[in-house]
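Single-structure report; data block below.
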Amino acid sequence: MRAHGSRESPLVKTAVADDLALLRDATFITADADRDAAVVFHTAAQLDQDRSEVSSAVAASTGLGIYELSLDGAPVSEDLFAPGWTSYEWRLQYQRYDVTEQVRTGPGQELEISALVGNGWYRGDFGFGGANSNYGEEIGVLAALRITYRDGATQVIGTSAGWAASTCDVVEHSIYHGQRIDARLRTEGTTALTVRAGSELDPDRLTPQIAEGVRRHEVLAPEKIWTSPSGKTLVDFGQNLVGWVRVRAEGPAGTEIVLRHAEVLENDELGTRPLRSARATDTFVLSGEGVDTFEPTFTFHGFRYAEVSGWPGELRAEDLEAVVVHSAIRRTFDFECSEPLVNQLVHNSVWGQKGNFLAVPTDCPQRDERLGWTGDIAAYAATSAFQFDVSDFLHNWLLDLAEEGKHDEHGYVPVIVPNNLKPNLIQKPLPFLDMPSQAVWADAAAWVPEALWNAYGDRDRLAAHYPGMVGHVESVIPLLSETGLWDEGFQLADWLDPDAPPDDPAAAKADTGVVATASFYRSVAFTEKTARELGLTDDAARWAELAQRLRAAFREHYVADERVTSDCATVYALAICFGLLEENELGWAAGRLAELVAERDYRVTTGFAGTPFVTWALSENGHADVAYKLLLEKGCPSWLYPITMGATTIWERWDSMLPDGSINPGEMTSFNHYALGAVADWIYQVVAGIRAAEPGYRRIRIQPVPGEGIDWARTGYDSRVGRIETAWRNEGGQFTLEVTIPEGVPADVVLPDGTTHEVTGGTHTFTA
């Protein structure tokens with residue numbers, strides 16, 4: 001594996017008013033073309049002065065669909081899929097790039113400006129279950145370039161109806177289905193199109209880009225090329241990834257090379273059934289004029305394997321490379337321990353996050369879905385914030401979440417954000433999505449901000465997320481029954497309980513009212529905490545009273561005779577971790593949870609709701625040994641079972657692949673779904689021992705809890721206050737811990753024997 005040679009993004013952030021003023025000097029332009037084809041808009045502008053006189057140049061741009069802006073044939077940045085995917089009805093991001101060097105050092109006094117525009121998430125075959133969404137019919141671009149010369153003079157060049165447009169070598173493209181590129185059209189055969197001023201881009205929707213864009217990252221070479229039993233040529237890149245295959249090929253003009261993609265093999269052939277209707281197929285047509293290079297940047301695939309057909313001559317490993325694509329989130333940790341399978345589990349979590357943090361936090365990157373399911377990130381947010389710096393990425397997404405809730409008739413947070421499955425956007429209705437707020441999923445409105453607050457301690461961002469929290473809480477209050485519980489109506493709840501039938505993943509053991517009421521209580525409690533942090537005392541009092549009522553109702557109806565209703569692992573984990581039990585009840589609750597885990601031979605018995613919390617409930621209440629056995633179990637279902645089956649990312653189902661190597665028969669099977677990898681947060685905080693004692697790690701708690709099966713662990717985390725490192729070893733009955741704390745930052749170091757040491761900054765060693 002090698003890193004893609006990328007340069008620092010020229011994306012710059014300035015006053016919004018200045019950006020909008022610049023964009024007002026341009027016109028949104030579109031062109032009538034085949035919906036499957038990409039369009040190139042272009043112009044040749046004469047500069048007012050010689051390029052050597054350019055002092056600065058900045059480009060502001062956006063589009064409906066996705067676009068790639070170039071000057072003199074070179075892209076202005078390495079960003080892909082701009083302007084990203086947001087709730088387009090209310091928020092359309094624009095980008096602003098410093099292009100001084102490109103303008104200043106180019107040839108002559110004529111500047112070529114072009115924009116390649118495609119459908120992206122805005123229009124086309126994108127949605128769920130055949131309910132393809134269309135935000136609009138027009139795709140196009142809005143761009144303006146401001147050049148400032150050394151004498152202070154300025155020149156603005158903006159898109160207008162005077163620009164030209166044409167078809168290009170991208171003759172078909174779809175996020176789900178792939179891309180067709182015809183290299184013969186790179187030199188001839190394109191068609192001129194009529195450019196007109198578009199009407200769908202409302203400038204009031206424009207908002208500056210917050211997070212870094214989607215970019216290329218690692219590049220992976222093939223690990224193996226072979227012929228399948230049916231005679232197909234297969235390529236293994238060794239890692240389930242998200243992106244595409246870059247192809248270099250030479251052959252007769254018109255030769256078609258076809259690549260199909262899949263995450264797994266089944267019966268030694270490409271396992272495409274989990275893709276459902278997504279074709280995930282790229283077609284490259286050779287020019288016949290030497291070596292052609294193809295890179296399908298208007299689609300992406302989730303895959304480890306590719307099937308190649310139509311290749312002229314012998315396919316060599318150097319002809320192909322897999323390009324890894326995701327939002328430019330910065331990795332902030334490293335981890336290693338004595339158990340290789342746990343190291344692989346962490347690796348899988350990291351790659352699952354990379355693959356699914358592409359513009360929005362998606363559920364999966366491969367089948368005909370790839371949507372921002374709120375339940376997945378509600379479960380995984382804390383893990384994601386340890387592995388990468390997601391402060392801007394998730395802040396941007398939370399702004400969309402708040403907008404979706406604000407514009408919903410009842411104020412409900414939808415199960416996907418951005419919600420492109422609203423009735424006005426889809427071709428056919430999806431009744432299962434037309435339902436009231438869903439616990440855990442809608443609770444992302446509070447749980448994701450809580451994870452960001454703990455990780456980064458940004459009070460301004462917390463204030464920005466507060467309206468979304470309030471909107472969620474107020475929308476659920478009318479759904480509470482006369483008992484004060486959230487116990488009526490359908491709930492996804494402990495989705496994908498491993499004991500549920502493959503065709504009914506919502507049929508969990510955990511009572512849905514227990515899950516919903518507990519989850520809502522957690523949301524209300526954090527909303528109260530936020531109100532107090534922001535000085536909103538009246539709000540805080542209101543939420544405190546609501547939280548007390550919810551807790552009292554939960555205890556009255558669901559807690560009795562040292563049992564929680566439905567008596568399964570998930571309900572005990574939630575009741576313990578969310579603070580719904582009294583201090584003197586934690587013992588029997590954790591004890592019962594430990595019994596349930598042991599009774600099932602330490603196999604996982606929880607779904608989306610319980611999985612992030614079950615190990616926490618055990619280890620924080622005297623049963624760390626059980627938590628370790630649960631973590632280290634290799635039988636199905638368990639966290640390590642997929643690894644024994646060769647997984648390189650987190651699976652959607654505990655048994656996405658069955659022990660005999662066949663794919664789960666359910667229609668919903670993904671091999672890259674990060675939600676069940678939320679246990680990694682427990683690994684970092686409990687096994688490695690790095691915890692935030694105060695938001696943003698202003699005070700640190702180092703508290704590793706060792707357990708049988710792991711003899712040593714070390715990790716490092718780049719927090720907002722600096723690098724935090726821990727390394728511990730259990731050897732010969734002695735526990736040794738070395739910690740490194742950022743200078744000037746206080747930390748409490750809690751050893752396994754219960755002794756606590758207060759330190760400030762520096763490197764310290766302890767034994768117990």
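Each chain of the structure tokens is named A, B, ... in the order shown, its residues numbered from 1; ligands are numbered from 1 in display order.
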
Fill in: Contact residues around Gly468 of chain A with only C-alpha atoms at 9 Å, ignoring same-chain residues under 5 positions, as JSON, numbers by chain
{"A": [398, 399, 401, 402, 403, 405, 406, 413, 445, 446, 473]}

Generate the output file for the selected residues, all heavy atoms, as a PDB file, in the first residue's frame.
```
ATOM      1  N   LEU A 398     -24.632  17.556  11.326  1.00  0.00           N
ATOM      2  CA  LEU A 398     -25.626  17.908  12.345  1.00  0.00           C
ATOM      3  C   LEU A 398     -26.424  19.148  11.958  1.00  0.00           C
ATOM      4  O   LEU A 398     -27.596  19.279  12.343  1.00  0.00           O
ATOM      5  CB  LEU A 398     -24.946  18.118  13.697  1.00  0.00           C
ATOM      6  CG  LEU A 398     -24.537  16.841  14.423  1.00  0.00           C
ATOM      7  CD1 LEU A 398     -23.597  17.163  15.576  1.00  0.00           C
ATOM      8  CD2 LEU A 398     -25.762  16.083  14.940  1.00  0.00           C
ATOM      9  N   LEU A 399     -25.821  20.051  11.209  1.00  0.00           N
ATOM     10  CA  LEU A 399     -26.582  21.204  10.727  1.00  0.00           C
ATOM     11  C   LEU A 399     -27.681  20.750   9.769  1.00  0.00           C
ATOM     12  O   LEU A 399     -28.793  21.293   9.782  1.00  0.00           O
ATOM     13  CB  LEU A 399     -25.651  22.203  10.042  1.00  0.00           C
ATOM     14  CG  LEU A 399     -24.598  22.860  10.938  1.00  0.00           C
ATOM     15  CD1 LEU A 399     -23.736  23.819  10.120  1.00  0.00           C
ATOM     16  CD2 LEU A 399     -25.238  23.583  12.113  1.00  0.00           C
ATOM     17  N   LEU A 401     -29.070  17.743   9.932  1.00  0.00           N
ATOM     18  CA  LEU A 401     -30.038  17.053  10.791  1.00  0.00           C
ATOM     19  C   LEU A 401     -31.031  18.041  11.390  1.00  0.00           C
ATOM     20  O   LEU A 401     -32.247  17.798  11.394  1.00  0.00           O
ATOM     21  CB  LEU A 401     -29.301  16.280  11.890  1.00  0.00           C
ATOM     22  CG  LEU A 401     -30.152  15.492  12.881  1.00  0.00           C
ATOM     23  CD1 LEU A 401     -29.414  14.232  13.336  1.00  0.00           C
ATOM     24  CD2 LEU A 401     -30.522  16.308  14.107  1.00  0.00           C
ATOM     25  N   ALA A 402     -30.527  19.163  11.878  1.00  0.00           N
ATOM     26  CA  ALA A 402     -31.414  20.172  12.470  1.00  0.00           C
ATOM     27  C   ALA A 402     -32.370  20.736  11.429  1.00  0.00           C
ATOM     28  O   ALA A 402     -33.556  20.962  11.716  1.00  0.00           O
ATOM     29  CB  ALA A 402     -30.585  21.282  13.099  1.00  0.00           C
ATOM     30  N   GLU A 403     -31.877  20.962  10.216  1.00  0.00           N
ATOM     31  CA  GLU A 403     -32.740  21.493   9.160  1.00  0.00           C
ATOM     32  C   GLU A 403     -33.830  20.493   8.790  1.00  0.00           C
ATOM     33  O   GLU A 403     -34.992  20.872   8.590  1.00  0.00           O
ATOM     34  CB  GLU A 403     -31.905  21.835   7.922  1.00  0.00           C
ATOM     35  CG  GLU A 403     -31.031  23.054   8.079  1.00  0.00           C
ATOM     36  CD  GLU A 403     -31.831  24.349   8.155  1.00  0.00           C
ATOM     37  OE1 GLU A 403     -32.990  24.380   7.709  1.00  0.00           O
ATOM     38  OE2 GLU A 403     -31.292  25.345   8.678  1.00  0.00           O
ATOM     39  N   GLY A 405     -35.170  18.197  10.678  1.00  0.00           N
ATOM     40  CA  GLY A 405     -36.176  18.175  11.738  1.00  0.00           C
ATOM     41  C   GLY A 405     -37.029  19.422  11.744  1.00  0.00           C
ATOM     42  O   GLY A 405     -38.255  19.361  11.928  1.00  0.00           O
ATOM     43  N   LYS A 406     -36.401  20.566  11.518  1.00  0.00           N
ATOM     44  CA  LYS A 406     -37.127  21.844  11.545  1.00  0.00           C
ATOM     45  C   LYS A 406     -38.182  21.906  10.443  1.00  0.00           C
ATOM     46  O   LYS A 406     -39.246  22.498  10.628  1.00  0.00           O
ATOM     47  CB  LYS A 406     -36.132  22.994  11.387  1.00  0.00           C
ATOM     48  CG  LYS A 406     -36.753  24.380  11.482  1.00  0.00           C
ATOM     49  CD  LYS A 406     -35.688  25.456  11.575  1.00  0.00           C
ATOM     50  CE  LYS A 406     -34.897  25.573  10.292  1.00  0.00           C
ATOM     51  NZ  LYS A 406     -33.925  26.695  10.325  1.00  0.00           N
ATOM     52  N   VAL A 413     -36.856  13.965  13.663  1.00  0.00           N
ATOM     53  CA  VAL A 413     -35.566  13.718  13.021  1.00  0.00           C
ATOM     54  C   VAL A 413     -35.728  12.466  12.169  1.00  0.00           C
ATOM     55  O   VAL A 413     -36.125  11.415  12.667  1.00  0.00           O
ATOM     56  CB  VAL A 413     -34.459  13.509  14.071  1.00  0.00           C
ATOM     57  CG1 VAL A 413     -33.156  13.082  13.402  1.00  0.00           C
ATOM     58  CG2 VAL A 413     -34.253  14.781  14.886  1.00  0.00           C
ATOM     59  N   ALA A 445     -29.561  13.228  17.316  1.00  0.00           N
ATOM     60  CA  ALA A 445     -29.611  14.680  17.507  1.00  0.00           C
ATOM     61  C   ALA A 445     -28.923  15.105  18.790  1.00  0.00           C
ATOM     62  O   ALA A 445     -28.426  16.234  18.894  1.00  0.00           O
ATOM     63  CB  ALA A 445     -31.066  15.155  17.518  1.00  0.00           C
ATOM     64  N   ALA A 446     -28.893  14.228  19.792  1.00  0.00           N
ATOM     65  CA  ALA A 446     -28.222  14.533  21.061  1.00  0.00           C
ATOM     66  C   ALA A 446     -26.956  13.706  21.252  1.00  0.00           C
ATOM     67  O   ALA A 446     -25.966  14.198  21.796  1.00  0.00           O
ATOM     68  CB  ALA A 446     -29.172  14.294  22.233  1.00  0.00           C
ATOM     69  N   VAL A 473     -36.222  16.592  21.064  1.00  0.00           N
ATOM     70  CA  VAL A 473     -36.906  16.348  22.337  1.00  0.00           C
ATOM     71  C   VAL A 473     -38.366  16.786  22.249  1.00  0.00           C
ATOM     72  O   VAL A 473     -39.279  16.050  22.660  1.00  0.00           O
ATOM     73  CB  VAL A 473     -36.175  17.070  23.484  1.00  0.00           C
ATOM     74  CG1 VAL A 473     -37.006  17.021  24.759  1.00  0.00           C
ATOM     75  CG2 VAL A 473     -34.803  16.435  23.723  1.00  0.00           C
TER      76      VAL A 473
END
```

Worksheet item: If we count only C-alpha atoms, what is near Leu640 of chain A at a cut-off of 8 Å, once residues fewer than 2 positions away on the same chain are taken out, given as a PyMOL selection string?
Response: chain A and resi 341-342+345+631-635+638+642-644

Include N, CA and C atoms and write out the residues we just selected as a compact mmCIF listing (two decimals), in the first residue's frame.
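So part.txt came out as:
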```txt
# COMPACT_ATOMS: atom_id res chain seq x y z
N LEU A 341 -5.99 -10.50 16.77
CA LEU A 341 -7.37 -10.39 16.30
C LEU A 341 -8.02 -9.08 16.74
N VAL A 342 -7.67 -8.60 17.93
CA VAL A 342 -8.19 -7.30 18.37
C VAL A 342 -7.56 -6.18 17.54
N LEU A 345 -9.50 -6.10 14.50
CA LEU A 345 -10.81 -5.50 14.76
C LEU A 345 -10.73 -3.97 14.70
N LEU A 631 -15.46 -9.75 24.37
CA LEU A 631 -14.67 -9.15 23.30
C LEU A 631 -13.87 -10.19 22.53
N LEU A 632 -13.30 -11.16 23.24
CA LEU A 632 -12.33 -12.08 22.64
C LEU A 632 -12.95 -13.35 22.09
N GLU A 633 -14.25 -13.52 22.26
CA GLU A 633 -14.93 -14.70 21.71
C GLU A 633 -14.82 -14.71 20.18
N LYS A 634 -14.59 -15.89 19.62
CA LYS A 634 -14.43 -16.01 18.17
C LYS A 634 -15.58 -16.74 17.49
N GLY A 635 -16.46 -17.37 18.27
CA GLY A 635 -17.60 -18.05 17.65
C GLY A 635 -18.63 -17.06 17.16
N SER A 638 -19.97 -12.84 17.14
CA SER A 638 -19.00 -12.16 17.99
C SER A 638 -18.27 -11.12 17.16
N PRO A 642 -16.08 -12.39 12.38
CA PRO A 642 -15.82 -11.95 10.99
C PRO A 642 -14.34 -11.96 10.64
N ILE A 643 -13.50 -11.69 11.63
CA ILE A 643 -12.06 -11.66 11.36
C ILE A 643 -11.55 -13.06 11.05
N THR A 644 -12.10 -14.06 11.74
CA THR A 644 -11.71 -15.44 11.42
C THR A 644 -12.17 -15.83 10.02
```

Worksheet item: Using only C-alpha atoms, which residues sit within 12 Å of segment 461-463 of chain A once same-chain residues fewer than 2 positions away are excluded, as a ChimeraX atom specification?
Response: /A:391-392,394-396,398-399,445-459,465-470,526-527,529-536,695-696

Discussion item. What does the structure give for the distance between atom CA of Pro501 of chain A and atom CA of Arg603 of chain A, in Å to one decimal?
Written reply: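 Atom-to-atom, atom CA of Pro501 of chain A to atom CA of Arg603 of chain A, that is 16.9 Å.
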
Item to complete: Measuring atom to atom with only C-alpha atoms, identify which of A:Gly124, A:Gly213, A:Gly716, A:Gly677 is nearest to Ala82 of chain A.
Response: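 Selected residue with least distance to Ala82 of chain A: A:Gly213.
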
Discussion item. Please compute the atom CA of Leu358 of chain A-atom CA of Ile181 of chain A distance, one decimal, in Å.
Written reply: 22.9 Å

Worksheet item: Could you name the residues that touch Asp625 of chain A at 12 Å or less, counting only C-alpha atoms, but leaving out those on the same chain fewer than 5 positions away, as a PyMOL selection string?
Response: chain A and resi 594+597-598+602+615-616+618-620+630-632+687+705-710

Discussion item. Neighbouring residues of segment 244-248 of chain A were defined as those with any atom within 7 Å, considering only C-alpha atoms; residues of the same chain fewer than 5 positions away were excluded. Please report them as a list in words.
Written reply: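 Surrounding residues, per the criterion: Val291, Asp292, Thr293, Phe294, Glu295, Pro296, Phe300, His301, Asp319, Leu320, Glu321, Ala322 and Val323 of chain A.
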
The selected residues should be written to file as an mmCIF file, in the first residue's frame (atoms: C-alpha atoms).
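Listed below is the output, again13.cif:
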```
data_model
loop_
_atom_site.group_PDB
_atom_site.id
_atom_site.type_symbol
_atom_site.label_atom_id
_atom_site.label_comp_id
_atom_site.auth_asym_id
_atom_site.auth_seq_id
_atom_site.Cartn_x
_atom_site.Cartn_y
_atom_site.Cartn_z
ATOM 1 C CA VAL A 291 -1.887 4.073 -23.438
ATOM 2 C CA ASP A 292 -5.215 5.328 -22.062
ATOM 3 C CA THR A 293 -5.677 6.103 -18.365
ATOM 4 C CA PHE A 294 -9.131 5.865 -16.845
ATOM 5 C CA GLU A 295 -10.339 7.042 -13.454
ATOM 6 C CA PRO A 296 -14.121 7.096 -12.813
ATOM 7 C CA PHE A 300 -17.567 5.142 -6.140
ATOM 8 C CA HIS A 301 -17.665 1.494 -5.197
ATOM 9 C CA ASP A 319 -2.094 -2.057 -15.087
ATOM 10 C CA LEU A 320 -4.502 -1.582 -12.181
ATOM 11 C CA GLU A 321 -4.522 0.181 -8.826
ATOM 12 C CA ALA A 322 -7.327 0.714 -6.341
ATOM 13 C CA VAL A 323 -7.723 4.345 -5.301
#
```

Worksheet item: What does the distance between atom CA of Trp90 of chain A and atom CA of Glu404 of chain A come to in Å, to one decimal place?
Response: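 Separation of atom CA of Trp90 of chain A and atom CA of Glu404 of chain A: 8.9 Å.
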
Fill in: Long-range neighbours of Glu667 of chain A as a list in words, 8 Å cut-off, only C-alpha atoms, 2 positions minimum in chain
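The residues that qualify are Pro274, Arg276, Asp503, Pro665 and Thr669 of chain A.
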
File dump, residues just selected, all heavy atoms, as a PDB file, in the first residue's frame:
```
ATOM      1  N   PRO A 274     -25.283  -9.107  -2.622  1.00  0.00           N
ATOM      2  CA  PRO A 274     -25.544  -8.065  -1.629  1.00  0.00           C
ATOM      3  C   PRO A 274     -25.667  -6.656  -2.209  1.00  0.00           C
ATOM      4  O   PRO A 274     -26.163  -5.750  -1.524  1.00  0.00           O
ATOM      5  CB  PRO A 274     -24.323  -8.160  -0.698  1.00  0.00           C
ATOM      6  CG  PRO A 274     -23.847  -9.566  -0.841  1.00  0.00           C
ATOM      7  CD  PRO A 274     -24.079  -9.899  -2.269  1.00  0.00           C
ATOM      8  N   ARG A 276     -27.658  -5.782  -4.422  1.00  0.00           N
ATOM      9  CA  ARG A 276     -29.051  -5.594  -4.855  1.00  0.00           C
ATOM     10  C   ARG A 276     -29.058  -5.017  -6.275  1.00  0.00           C
ATOM     11  O   ARG A 276     -28.452  -5.589  -7.169  1.00  0.00           O
ATOM     12  CB  ARG A 276     -29.826  -4.762  -3.841  1.00  0.00           C
ATOM     13  CG  ARG A 276     -29.902  -5.458  -2.480  1.00  0.00           C
ATOM     14  CD  ARG A 276     -30.839  -4.821  -1.500  1.00  0.00           C
ATOM     15  NE  ARG A 276     -30.568  -3.429  -1.196  1.00  0.00           N
ATOM     16  CZ  ARG A 276     -30.673  -2.907   0.028  1.00  0.00           C
ATOM     17  NH1 ARG A 276     -31.025  -3.686   1.058  1.00  0.00           N
ATOM     18  NH2 ARG A 276     -30.443  -1.635   0.238  1.00  0.00           N
ATOM     19  N   ASP A 503     -34.888 -12.250   7.887  1.00  0.00           N
ATOM     20  CA  ASP A 503     -35.821 -11.416   7.130  1.00  0.00           C
ATOM     21  C   ASP A 503     -36.623 -10.463   8.016  1.00  0.00           C
ATOM     22  O   ASP A 503     -37.517  -9.773   7.535  1.00  0.00           O
ATOM     23  CB  ASP A 503     -36.784 -12.303   6.327  1.00  0.00           C
ATOM     24  CG  ASP A 503     -37.598 -13.238   7.213  1.00  0.00           C
ATOM     25  OD1 ASP A 503     -37.269 -13.358   8.410  1.00  0.00           O
ATOM     26  OD2 ASP A 503     -38.555 -13.859   6.713  1.00  0.00           O
ATOM     27  N   PRO A 665     -28.406 -15.180   3.689  1.00  0.00           N
ATOM     28  CA  PRO A 665     -29.493 -15.180   2.699  1.00  0.00           C
ATOM     29  C   PRO A 665     -30.397 -13.951   2.763  1.00  0.00           C
ATOM     30  O   PRO A 665     -31.202 -13.724   1.854  1.00  0.00           O
ATOM     31  CB  PRO A 665     -30.289 -16.444   3.052  1.00  0.00           C
ATOM     32  CG  PRO A 665     -30.008 -16.673   4.502  1.00  0.00           C
ATOM     33  CD  PRO A 665     -28.590 -16.236   4.700  1.00  0.00           C
ATOM     34  N   THR A 669     -27.513  -7.295   3.412  1.00  0.00           N
ATOM     35  CA  THR A 669     -26.232  -7.825   3.864  1.00  0.00           C
ATOM     36  C   THR A 669     -25.100  -6.966   3.317  1.00  0.00           C
ATOM     37  O   THR A 669     -24.923  -6.881   2.103  1.00  0.00           O
ATOM     38  CB  THR A 669     -26.033  -9.281   3.396  1.00  0.00           C
ATOM     39  OG1 THR A 669     -27.089 -10.089   3.914  1.00  0.00           O
ATOM     40  CG2 THR A 669     -24.716  -9.825   3.886  1.00  0.00           C
TER      41      THR A 669
END
```

Could you give me, as a PDB file with N, CA and C atoms, in the first residue's frame, the residues within 9 Å of Val308 of chain A, counting only C-alpha atoms and dropping anything in the same chain fewer than 4 positions from it?
```
ATOM      1  N   LYS A 232     -13.717 -16.346 -15.398  1.00  0.00           N
ATOM      2  CA  LYS A 232     -13.624 -14.898 -15.231  1.00  0.00           C
ATOM      3  C   LYS A 232     -12.258 -14.515 -14.659  1.00  0.00           C
ATOM      4  N   THR A 233     -11.770 -13.354 -15.055  1.00  0.00           N
ATOM      5  CA  THR A 233     -10.532 -12.828 -14.488  1.00  0.00           C
ATOM      6  C   THR A 233     -10.864 -12.011 -13.253  1.00  0.00           C
ATOM      7  N   LEU A 234     -10.335 -12.423 -12.110  1.00  0.00           N
ATOM      8  CA  LEU A 234     -10.624 -11.761 -10.840  1.00  0.00           C
ATOM      9  C   LEU A 234      -9.356 -11.135 -10.281  1.00  0.00           C
ATOM     10  N   VAL A 235      -9.541 -10.023  -9.577  1.00  0.00           N
ATOM     11  CA  VAL A 235      -8.442  -9.290  -8.959  1.00  0.00           C
ATOM     12  C   VAL A 235      -8.781  -9.071  -7.497  1.00  0.00           C
ATOM     13  N   ILE A 257     -13.276  -2.434 -21.951  1.00  0.00           N
ATOM     14  CA  ILE A 257     -12.837  -3.117 -20.739  1.00  0.00           C
ATOM     15  C   ILE A 257     -13.905  -2.895 -19.681  1.00  0.00           C
ATOM     16  N   VAL A 258     -14.392  -3.964 -19.088  1.00  0.00           N
ATOM     17  CA  VAL A 258     -15.474  -3.875 -18.107  1.00  0.00           C
ATOM     18  C   VAL A 258     -14.980  -4.371 -16.752  1.00  0.00           C
ATOM     19  N   LEU A 259     -15.203  -3.548 -15.722  1.00  0.00           N
ATOM     20  CA  LEU A 259     -14.850  -3.920 -14.344  1.00  0.00           C
ATOM     21  C   LEU A 259     -16.117  -3.975 -13.507  1.00  0.00           C
ATOM     22  N   ARG A 260     -16.357  -5.129 -12.894  1.00  0.00           N
ATOM     23  CA  ARG A 260     -17.435  -5.283 -11.916  1.00  0.00           C
ATOM     24  C   ARG A 260     -16.798  -5.392 -10.535  1.00  0.00           C
ATOM     25  N   LEU A 315      -3.387  -9.297 -18.621  1.00  0.00           N
ATOM     26  CA  LEU A 315      -3.594  -8.330 -17.546  1.00  0.00           C
ATOM     27  C   LEU A 315      -2.468  -8.458 -16.533  1.00  0.00           C
TER      28      LEU A 315
END
```

Contacts between segment 361-375 of chain A and segment 230-333 of chain A, please, where a residue of segment 230-333 of chain A counts if it comes within 12 Å (with only C-alpha atoms); show its shortest atom pair and distance in Å to one decimal, rows by chain and ascending number, as a tab-separated table.
```
residue	atom	partner	partner_atom	distance
A:Asn240	CA	A:Gln366	CA	10.4
A:Leu241	CA	A:Pro365	CA	9.0
A:Val242	CA	A:Pro365	CA	6.8
A:Gly243	CA	A:Pro365	CA	9.3
A:Trp244	CA	A:Gln366	CA	11.4
A:Arg260	CA	A:Gln366	CA	11.8
A:His261	CA	A:Gln366	CA	8.9
A:Ala262	CA	A:Gln366	CA	7.9
A:Glu263	CA	A:Gln366	CA	8.1
A:Val264	CA	A:Gln366	CA	11.4
A:Gly271	CA	A:Arg367	CA	12.0
A:Thr272	CA	A:Arg367	CA	9.2
A:Arg273	CA	A:Arg367	CA	9.3
A:Pro274	CA	A:Arg367	CA	6.7
A:Leu275	CA	A:Arg367	CA	4.0
A:Arg276	CA	A:Arg367	CA	6.1
A:Ser277	CA	A:Asp368	CA	6.0
A:Ala278	CA	A:Asp368	CA	5.0
A:Arg279	CA	A:Arg367	CA	8.5
A:Ala280	CA	A:Gln366	CA	7.7
A:Thr281	CA	A:Gln366	CA	11.4
A:Thr299	CA	A:Gln366	CA	10.8
A:Phe300	CA	A:Pro365	CA	8.0
A:His301	CA	A:Gln366	CA	5.5
A:Gly302	CA	A:Gln366	CA	4.3
A:Phe303	CA	A:Gln366	CA	7.1
A:Arg304	CA	A:Gln366	CA	10.7
A:Val325	CA	A:Pro365	CA	11.0
A:His326	CA	A:Pro361	CA	10.5
A:Ser327	CA	A:Pro361	CA	9.8
A:Ile329	CA	A:Pro361	CA	11.8
```

Go ahead and write the selection's residues with C-alpha atoms as a PDB file, in the first residue's frame.
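Output saved as part-v7.pdb:
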```pdb
ATOM      1  CA  ASN A 240     -12.380  -3.952   1.466  1.00  0.00           C
ATOM      2  CA  LEU A 241     -12.221  -0.303   0.443  1.00  0.00           C
ATOM      3  CA  VAL A 242     -14.204   2.527  -1.082  1.00  0.00           C
ATOM      4  CA  GLY A 243     -13.172   4.247  -4.271  1.00  0.00           C
ATOM      5  CA  TRP A 244     -12.430   2.912  -7.728  1.00  0.00           C
ATOM      6  CA  ARG A 260     -17.435  -5.283 -11.916  1.00  0.00           C
ATOM      7  CA  HIS A 261     -16.895  -4.780  -8.185  1.00  0.00           C
ATOM      8  CA  ALA A 262     -17.836  -6.690  -5.035  1.00  0.00           C
ATOM      9  CA  GLU A 263     -16.764  -6.987  -1.422  1.00  0.00           C
ATOM     10  CA  VAL A 264     -16.575 -10.772  -1.215  1.00  0.00           C
ATOM     11  CA  GLY A 271     -20.323 -12.100  -4.802  1.00  0.00           C
ATOM     12  CA  THR A 272     -22.629  -9.413  -6.213  1.00  0.00           C
ATOM     13  CA  ARG A 273     -25.958 -10.416  -4.634  1.00  0.00           C
ATOM     14  CA  PRO A 274     -25.544  -8.065  -1.629  1.00  0.00           C
ATOM     15  CA  LEU A 275     -25.341  -5.126  -4.055  1.00  0.00           C
ATOM     16  CA  ARG A 276     -29.051  -5.594  -4.855  1.00  0.00           C
ATOM     17  CA  SER A 277     -29.828  -3.370  -7.860  1.00  0.00           C
ATOM     18  CA  ALA A 278     -26.503  -1.485  -7.865  1.00  0.00           C
ATOM     19  CA  ARG A 279     -24.558  -2.615 -10.919  1.00  0.00           C
ATOM     20  CA  ALA A 280     -21.226  -1.252  -9.600  1.00  0.00           C
ATOM     21  CA  THR A 281     -19.743  -1.620 -13.067  1.00  0.00           C
ATOM     22  CA  THR A 299     -18.958   7.203  -8.992  1.00  0.00           C
ATOM     23  CA  PHE A 300     -17.567   5.142  -6.140  1.00  0.00           C
ATOM     24  CA  HIS A 301     -17.665   1.494  -5.197  1.00  0.00           C
ATOM     25  CA  GLY A 302     -17.326  -0.522  -2.017  1.00  0.00           C
ATOM     26  CA  PHE A 303     -15.163  -3.483  -2.990  1.00  0.00           C
ATOM     27  CA  ARG A 304     -12.195  -5.707  -2.397  1.00  0.00           C
ATOM     28  CA  VAL A 325     -11.511   7.743  -1.541  1.00  0.00           C
ATOM     29  CA  HIS A 326     -13.125   9.376   1.496  1.00  0.00           C
ATOM     30  CA  SER A 327     -13.594  12.727   3.174  1.00  0.00           C
ATOM     31  CA  ILE A 329     -10.648  13.424   7.996  1.00  0.00           C
TER      32      ILE A 329
END
```
